[in-house]
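Participant: Have a look at the structure that comes next, please.
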Amino acid sequence: MSLAVKFGWIALAAGLATGQTPLTFEVASIRLHAGPNRGVGITLSGSRVTVTNSSVLGLITYAHNLEPYQVTGGPGWVSDYASYGWDITASAGSEAITRDQAKLMMRALLADRFQLRLHRETKEMPVYALVLAGKGGTKLKPSAPDAEGMMRMSGGRTIKVETTAGSLEQLVTQLSGTLRTPVLDKTGMTGNYDYKLEWAPENAAPDVDAPTLFTALQEQLGLQLESRKAPVEAVVIDHAEKPSEN
């Protein structure tokens with residue numbers, strides 16, 4: 001069996017898999033962000049999508065359900081939100097749209113207004129394998145059969161995560177985003193679990209009394225991360241142009 005890292009993958013062009021006409025916004029306004037370089041966000045309300053100070057890289061990861069490390073190539077301004085963050089207001093009309101529909105429409109907008117062209121390939125990349133730490137077994141607590149899934153994450157001097165009825169797939173997805181590196185679930189564990197995890201961020205103050213994420217995983221959950229290499233699905237930017245503002 002291939003060790004390729006699997007991610008939720010939707011066709012790179014809206015409508016490509018079905019041959020249908022791509023979903024598109026009825027109207028869209030695109031401008032370079034003119035305010036302070038604080039606050040980056042993409043929100044959906046009804047039929048309207050609002051983007052604040054996002055790089056093209058951020059739009060690609062949003063539209064294609066990717067992590068930044070899965071996107072390579074393209075001109076430098078694509079990932080430079082400090083100088084090339086974009087504000088976008090787009091509407092699909094009078095009817096509310098789903099999150100998946102909004103992402104498909106964002107792909108069409110990127111192709112049309114940014115002349116974005118991508119292709120998919122598999123690359124050998126450094127990854128982490130999540131495994132059981134030693135012979136002590138996991139410290140994850142199996143969830144009650146009727147437990148509802150919940151995850152709370154808070155930041156500050158330390159980062160805290162509290163999860164109820166969470167799967168190992170959810171945990172490795174979260175770790176991949178935090179570490180900006182693919183994480184593979186090699187624990188062999190199935191089912192849902194309750195757990196709490198607290199660690200010091202990379203830029204923590206010297207007086208913060210909390211372990212690193214790697215140590216916290218071992219001490220608090222009985223898990224550890226091992227460095228490996230594996231093929232990872234990624235996209236390569238073949239072409240991109242700065243859009244005309246309107």
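By order in the structure tokens, chains are A, B, ...; within a chain, residues start at 1; ligands start at 1, following the order shown.
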Please provide as an MDAnalysis selection string all residues within 12 Å of stretch 124-137 of chain A, with the sequence filter that same-chain residues fewer than 4 positions apart are discarded (counting only C-alpha atoms).

Facilitator: chainID A and resid 3:5 69:70 141 168:169 171:173 175:176 179:189 214:234

Participant: At a cut-off of 10 Å, using only C-alpha atoms, what residues contact A:Met150? Leave out same-chain residues fewer than 2 positions from it and give the result as a VMD selection string.

Facilitator: chain A and resid 147 to 148 152 162 to 166 194

Participant: Would you save the residues of that selection, restricted to N, CA, C and O atoms, as a compact mmCIF listing (two decimals), in the first residue's frame?

Facilitator:
# COMPACT_ATOMS: atom_id res chain seq x y z
N ALA A 147 -21.47 10.54 23.22
CA ALA A 147 -20.80 11.84 23.35
C ALA A 147 -20.85 12.61 22.04
O ALA A 147 -20.68 12.04 20.97
N GLU A 148 -21.07 13.92 22.15
CA GLU A 148 -21.07 14.78 20.97
C GLU A 148 -19.67 15.33 20.73
O GLU A 148 -18.95 15.67 21.66
N ARG A 152 -12.26 22.61 21.63
CA ARG A 152 -12.00 24.00 22.00
C ARG A 152 -10.49 24.23 21.98
O ARG A 152 -9.73 23.42 22.50
N GLU A 162 -8.94 21.18 24.12
CA GLU A 162 -9.80 20.24 24.84
C GLU A 162 -10.75 19.62 23.84
O GLU A 162 -11.50 20.34 23.16
N THR A 163 -10.72 18.30 23.71
CA THR A 163 -11.49 17.61 22.69
C THR A 163 -12.35 16.53 23.31
O THR A 163 -11.91 15.79 24.20
N THR A 164 -13.60 16.43 22.83
CA THR A 164 -14.51 15.36 23.20
C THR A 164 -14.93 14.63 21.93
O THR A 164 -15.26 15.27 20.93
N ALA A 165 -14.90 13.31 21.98
CA ALA A 165 -15.30 12.48 20.84
C ALA A 165 -14.55 12.86 19.57
O ALA A 165 -15.13 13.05 18.51
N GLY A 166 -13.23 12.98 19.69
CA GLY A 166 -12.39 13.31 18.55
C GLY A 166 -11.65 12.08 18.04
O GLY A 166 -11.22 11.22 18.83
N ASP A 194 -11.53 11.33 24.21
CA ASP A 194 -11.53 12.61 24.92
C ASP A 194 -10.10 12.88 25.38
O ASP A 194 -9.42 11.96 25.88

Participant: Could you tell me which of A:Ala210, A:Leu109, A:Ile159, A:Val56 comes closest to A:Ser29 if we count only C-alpha atoms?

Facilitator: A:Leu109

Participant: So that I can check the secondary structure, give me every residue of stretch 11-242 of chain A assigned strand (DSSP E or B) by backbone DSSP, as a VMD selection string.

Facilitator: chain A and resid 27 to 32 41 to 45 48 to 54 71 to 73 86 to 91 117 to 132 141 to 142 150 to 154 159 to 167 183 to 185 192 to 199 223 to 239

Participant: Restricting the output to C-alpha atoms, write the selected residues as a compact mmCIF listing (two decimals), in the first residue's frame.

Facilitator:
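In the end it all went to again_30.txt:
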# COMPACT_ATOMS: atom_id res chain seq x y z
CA VAL A 27 -20.28 39.91 -8.92
CA ALA A 28 -16.88 40.24 -7.25
CA SER A 29 -14.85 43.25 -6.11
CA ILE A 30 -11.08 42.79 -5.64
CA ARG A 31 -8.72 45.36 -4.13
CA LEU A 32 -5.31 45.39 -2.49
CA GLY A 41 -10.05 36.20 7.29
CA ILE A 42 -12.54 34.61 4.89
CA THR A 43 -16.19 34.60 5.93
CA LEU A 44 -19.38 33.30 4.32
CA SER A 45 -22.74 34.88 5.08
CA ARG A 48 -21.75 36.66 0.18
CA VAL A 49 -18.09 35.79 0.67
CA THR A 50 -15.86 38.42 2.28
CA VAL A 51 -12.07 38.15 2.20
CA THR A 52 -9.87 40.43 4.31
CA ASN A 53 -6.13 40.83 3.65
CA SER A 54 -5.54 37.34 2.24
CA VAL A 71 1.42 24.54 -2.51
CA THR A 72 4.66 25.31 -4.38
CA GLY A 73 5.78 27.44 -7.31
CA TRP A 86 -6.32 41.14 -1.09
CA ASP A 87 -9.76 42.30 0.03
CA ILE A 88 -12.56 40.57 -1.89
CA THR A 89 -16.31 40.97 -1.68
CA ALA A 90 -18.16 38.46 -3.84
CA SER A 91 -21.84 37.60 -4.16
CA ARG A 117 -3.22 27.80 -13.36
CA LEU A 118 -2.32 24.80 -11.20
CA HIS A 119 -1.33 21.20 -11.65
CA ARG A 120 -1.28 18.33 -9.20
CA GLU A 121 1.69 16.11 -8.37
CA THR A 122 3.13 13.95 -5.61
CA LYS A 123 6.35 15.02 -3.89
CA GLU A 124 8.63 13.29 -1.41
CA MET A 125 8.54 15.50 1.68
CA PRO A 126 9.53 15.37 5.36
CA VAL A 127 6.60 14.22 7.48
CA TYR A 128 5.90 13.19 11.06
CA ALA A 129 4.46 9.81 12.01
CA LEU A 130 2.23 9.82 15.10
CA VAL A 131 2.95 6.62 17.06
CA LEU A 132 2.42 5.20 20.53
CA LYS A 141 -9.75 8.27 27.09
CA PRO A 142 -12.35 6.47 24.92
CA MET A 150 -16.42 19.11 20.48
CA MET A 151 -13.06 20.83 20.21
CA ARG A 152 -12.00 24.00 22.00
CA MET A 153 -8.66 25.68 21.35
CA SER A 154 -7.35 28.74 23.19
CA ILE A 159 -1.94 26.80 23.84
CA LYS A 160 -4.70 24.58 25.18
CA VAL A 161 -6.85 22.07 23.30
CA GLU A 162 -9.80 20.24 24.84
CA THR A 163 -11.49 17.61 22.69
CA THR A 164 -14.51 15.36 23.20
CA ALA A 165 -15.30 12.48 20.84
CA GLY A 166 -12.39 13.31 18.55
CA SER A 167 -10.79 10.84 16.14
CA VAL A 183 1.43 14.17 10.08
CA LEU A 184 0.54 10.50 9.47
CA ASP A 185 -1.54 8.46 11.90
CA ASN A 192 -13.24 8.49 19.28
CA TYR A 193 -11.42 9.83 22.31
CA ASP A 194 -11.53 12.61 24.92
CA TYR A 195 -8.30 14.43 25.71
CA LYS A 196 -6.70 17.65 26.87
CA LEU A 197 -3.41 18.95 25.54
CA GLU A 198 -1.43 22.02 26.65
CA TRP A 199 1.92 23.24 25.36
CA LEU A 223 1.92 9.61 21.84
CA GLN A 224 5.03 10.75 20.03
CA LEU A 225 6.08 12.15 16.65
CA GLU A 226 8.79 10.49 14.55
CA SER A 227 10.49 12.20 11.60
CA ARG A 228 10.11 10.34 8.31
CA LYS A 229 9.78 10.99 4.58
CA ALA A 230 6.75 10.16 2.46
CA PRO A 231 5.09 11.12 -0.83
CA VAL A 232 2.65 13.98 -0.28
CA GLU A 233 -0.05 15.18 -2.67
CA ALA A 234 0.55 18.81 -3.62
CA VAL A 235 -0.25 21.43 -6.25
CA VAL A 236 2.20 23.52 -8.25
CA ILE A 237 1.37 27.06 -9.39
CA ASP A 238 2.11 27.23 -13.12
CA HIS A 239 0.88 30.78 -13.70

Participant: So, counting only C-alpha atoms, which residue among A:Phe114, A:Tyr81, A:Phe25, A:Tyr62 is closest to A:Ser47?

Facilitator: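 Closest to A:Ser47, using only C-alpha atoms: A:Phe25.
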
Participant: Output as a PyMOL selection string all residues of stretch 187-244 of chain A that backbone DSSP marks as helix (DSSP H, G or I).

Facilitator: chain A and resi 213-221

Participant: Give me the residues near A:Gln101 as an mmCIF file with N, CA, C and O atoms, in the first residue's frame, where near means some atom within 12 Å (using only C-alpha atoms) and where sequence neighbours in that chain fewer than 4 positions away do not count.

Facilitator:
data_model
loop_
_atom_site.group_PDB
_atom_site.id
_atom_site.type_symbol
_atom_site.label_atom_id
_atom_site.label_comp_id
_atom_site.auth_asym_id
_atom_site.auth_seq_id
_atom_site.Cartn_x
_atom_site.Cartn_y
_atom_site.Cartn_z
ATOM 1 N N ILE A 10 -10.523 17.929 -3.886
ATOM 2 C CA ILE A 10 -11.575 18.244 -4.829
ATOM 3 C C ILE A 10 -10.885 18.605 -6.134
ATOM 4 O O ILE A 10 -9.773 19.108 -6.121
ATOM 5 N N ALA A 14 -13.142 24.003 -10.845
ATOM 6 C CA ALA A 14 -14.549 23.812 -10.502
ATOM 7 C C ALA A 14 -15.256 23.158 -11.684
ATOM 8 O O ALA A 14 -15.153 23.609 -12.814
ATOM 9 N N GLY A 15 -16.000 22.072 -11.390
ATOM 10 C CA GLY A 15 -16.737 21.389 -12.436
ATOM 11 C C GLY A 15 -15.917 20.418 -13.246
ATOM 12 O O GLY A 15 -16.448 19.747 -14.121
ATOM 13 N N PRO A 22 -18.740 25.547 -14.441
ATOM 14 C CA PRO A 22 -18.219 25.912 -13.124
ATOM 15 C C PRO A 22 -19.149 26.874 -12.394
ATOM 16 O O PRO A 22 -19.769 27.743 -13.005
ATOM 17 N N LEU A 23 -19.270 26.694 -11.083
ATOM 18 C CA LEU A 23 -20.015 27.636 -10.266
ATOM 19 C C LEU A 23 -19.223 28.932 -10.179
ATOM 20 O O LEU A 23 -18.014 28.914 -9.950
ATOM 21 N N THR A 24 -19.893 30.070 -10.359
ATOM 22 C CA THR A 24 -19.200 31.351 -10.321
ATOM 23 C C THR A 24 -19.998 32.364 -9.513
ATOM 24 O O THR A 24 -21.228 32.246 -9.374
ATOM 25 N N PHE A 25 -19.295 33.359 -8.987
ATOM 26 C CA PHE A 25 -19.960 34.479 -8.334
ATOM 27 C C PHE A 25 -20.599 35.357 -9.404
ATOM 28 O O PHE A 25 -20.081 35.506 -10.510
ATOM 29 N N LEU A 44 -18.233 33.559 5.182
ATOM 30 C CA LEU A 44 -19.378 33.301 4.321
ATOM 31 C C LEU A 44 -20.634 33.658 5.079
ATOM 32 O O LEU A 44 -20.859 33.179 6.191
ATOM 33 N N GLY A 46 -24.697 33.919 4.038
ATOM 34 C CA GLY A 46 -25.724 33.822 3.007
ATOM 35 C C GLY A 46 -25.121 33.514 1.659
ATOM 36 O O GLY A 46 -24.570 32.434 1.438
ATOM 37 N N SER A 47 -25.204 34.477 0.738
ATOM 38 C CA SER A 47 -24.635 34.297 -0.595
ATOM 39 C C SER A 47 -23.372 35.121 -0.794
ATOM 40 O O SER A 47 -22.840 35.191 -1.900
ATOM 41 N N ARG A 48 -22.880 35.742 0.286
ATOM 42 C CA ARG A 48 -21.750 36.657 0.177
ATOM 43 C C ARG A 48 -20.500 36.078 0.838
ATOM 44 O O ARG A 48 -20.550 35.578 1.959
ATOM 45 N N VAL A 49 -19.379 36.176 0.129
ATOM 46 C CA VAL A 49 -18.088 35.790 0.668
ATOM 47 C C VAL A 49 -17.241 37.051 0.813
ATOM 48 O O VAL A 49 -17.121 37.835 -0.136
ATOM 49 N N ALA A 63 -9.671 27.530 -1.034
ATOM 50 C CA ALA A 63 -10.512 27.027 -2.114
ATOM 51 C C ALA A 63 -10.298 25.547 -2.406
ATOM 52 O O ALA A 63 -11.216 24.856 -2.843
ATOM 53 N N HIS A 64 -9.087 25.034 -2.152
ATOM 54 C CA HIS A 64 -8.755 23.650 -2.503
ATOM 55 C C HIS A 64 -8.550 22.749 -1.295
ATOM 56 O O HIS A 64 -8.065 21.623 -1.437
ATOM 57 N N SER A 91 -20.458 38.035 -4.409
ATOM 58 C CA SER A 91 -21.837 37.602 -4.159
ATOM 59 C C SER A 91 -22.268 36.602 -5.205
ATOM 60 O O SER A 91 -21.976 36.756 -6.405
ATOM 61 N N ALA A 92 -22.989 35.573 -4.743
ATOM 62 C CA ALA A 92 -23.506 34.550 -5.645
ATOM 63 C C ALA A 92 -24.944 34.828 -6.062
ATOM 64 O O ALA A 92 -25.559 34.009 -6.745
ATOM 65 N N GLU A 95 -29.656 33.702 -3.476
ATOM 66 C CA GLU A 95 -29.774 32.445 -2.744
ATOM 67 C C GLU A 95 -28.521 32.160 -1.923
ATOM 68 O O GLU A 95 -27.397 32.367 -2.387
ATOM 69 N N ALA A 96 -28.710 31.683 -0.692
ATOM 70 C CA ALA A 96 -27.575 31.321 0.163
ATOM 71 C C ALA A 96 -26.816 30.155 -0.456
ATOM 72 O O ALA A 96 -27.395 29.298 -1.127
ATOM 73 N N ILE A 97 -25.510 30.135 -0.243
ATOM 74 C CA ILE A 97 -24.678 29.058 -0.766
ATOM 75 C C ILE A 97 -24.002 28.329 0.387
ATOM 76 O O ILE A 97 -23.859 28.868 1.487
ATOM 77 N N MET A 105 -16.638 28.362 -6.145
ATOM 78 C CA MET A 105 -16.724 29.678 -6.779
ATOM 79 C C MET A 105 -15.418 30.458 -6.634
ATOM 80 O O MET A 105 -15.012 31.175 -7.548
ATOM 81 N N MET A 106 -14.744 30.278 -5.496
ATOM 82 C CA MET A 106 -13.459 30.940 -5.314
ATOM 83 C C MET A 106 -12.427 30.395 -6.288
ATOM 84 O O MET A 106 -11.583 31.144 -6.812
ATOM 85 N N ARG A 107 -12.491 29.112 -6.607
ATOM 86 C CA ARG A 107 -11.576 28.544 -7.596
ATOM 87 C C ARG A 107 -11.795 29.185 -8.967
ATOM 88 O O ARG A 107 -10.838 29.518 -9.671
ATOM 89 N N ALA A 108 -13.084 29.342 -9.326
ATOM 90 C CA ALA A 108 -13.390 29.957 -10.611
ATOM 91 C C ALA A 108 -12.916 31.413 -10.630
ATOM 92 O O ALA A 108 -12.401 31.894 -11.646
#

Participant: Can you work out the spacing between atom CA of A:Glu241 and atom CA of A:Gly58 in Å, to one decimal?

Facilitator: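 Computed distance, atom CA of A:Glu241 to atom CA of A:Gly58, equals 15.4 Å.
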
Participant: For atom CA of A:Thr98 and atom CA of A:Gly85, quote the distance in Å rounded to one decimal.

Facilitator: 24.7 Å
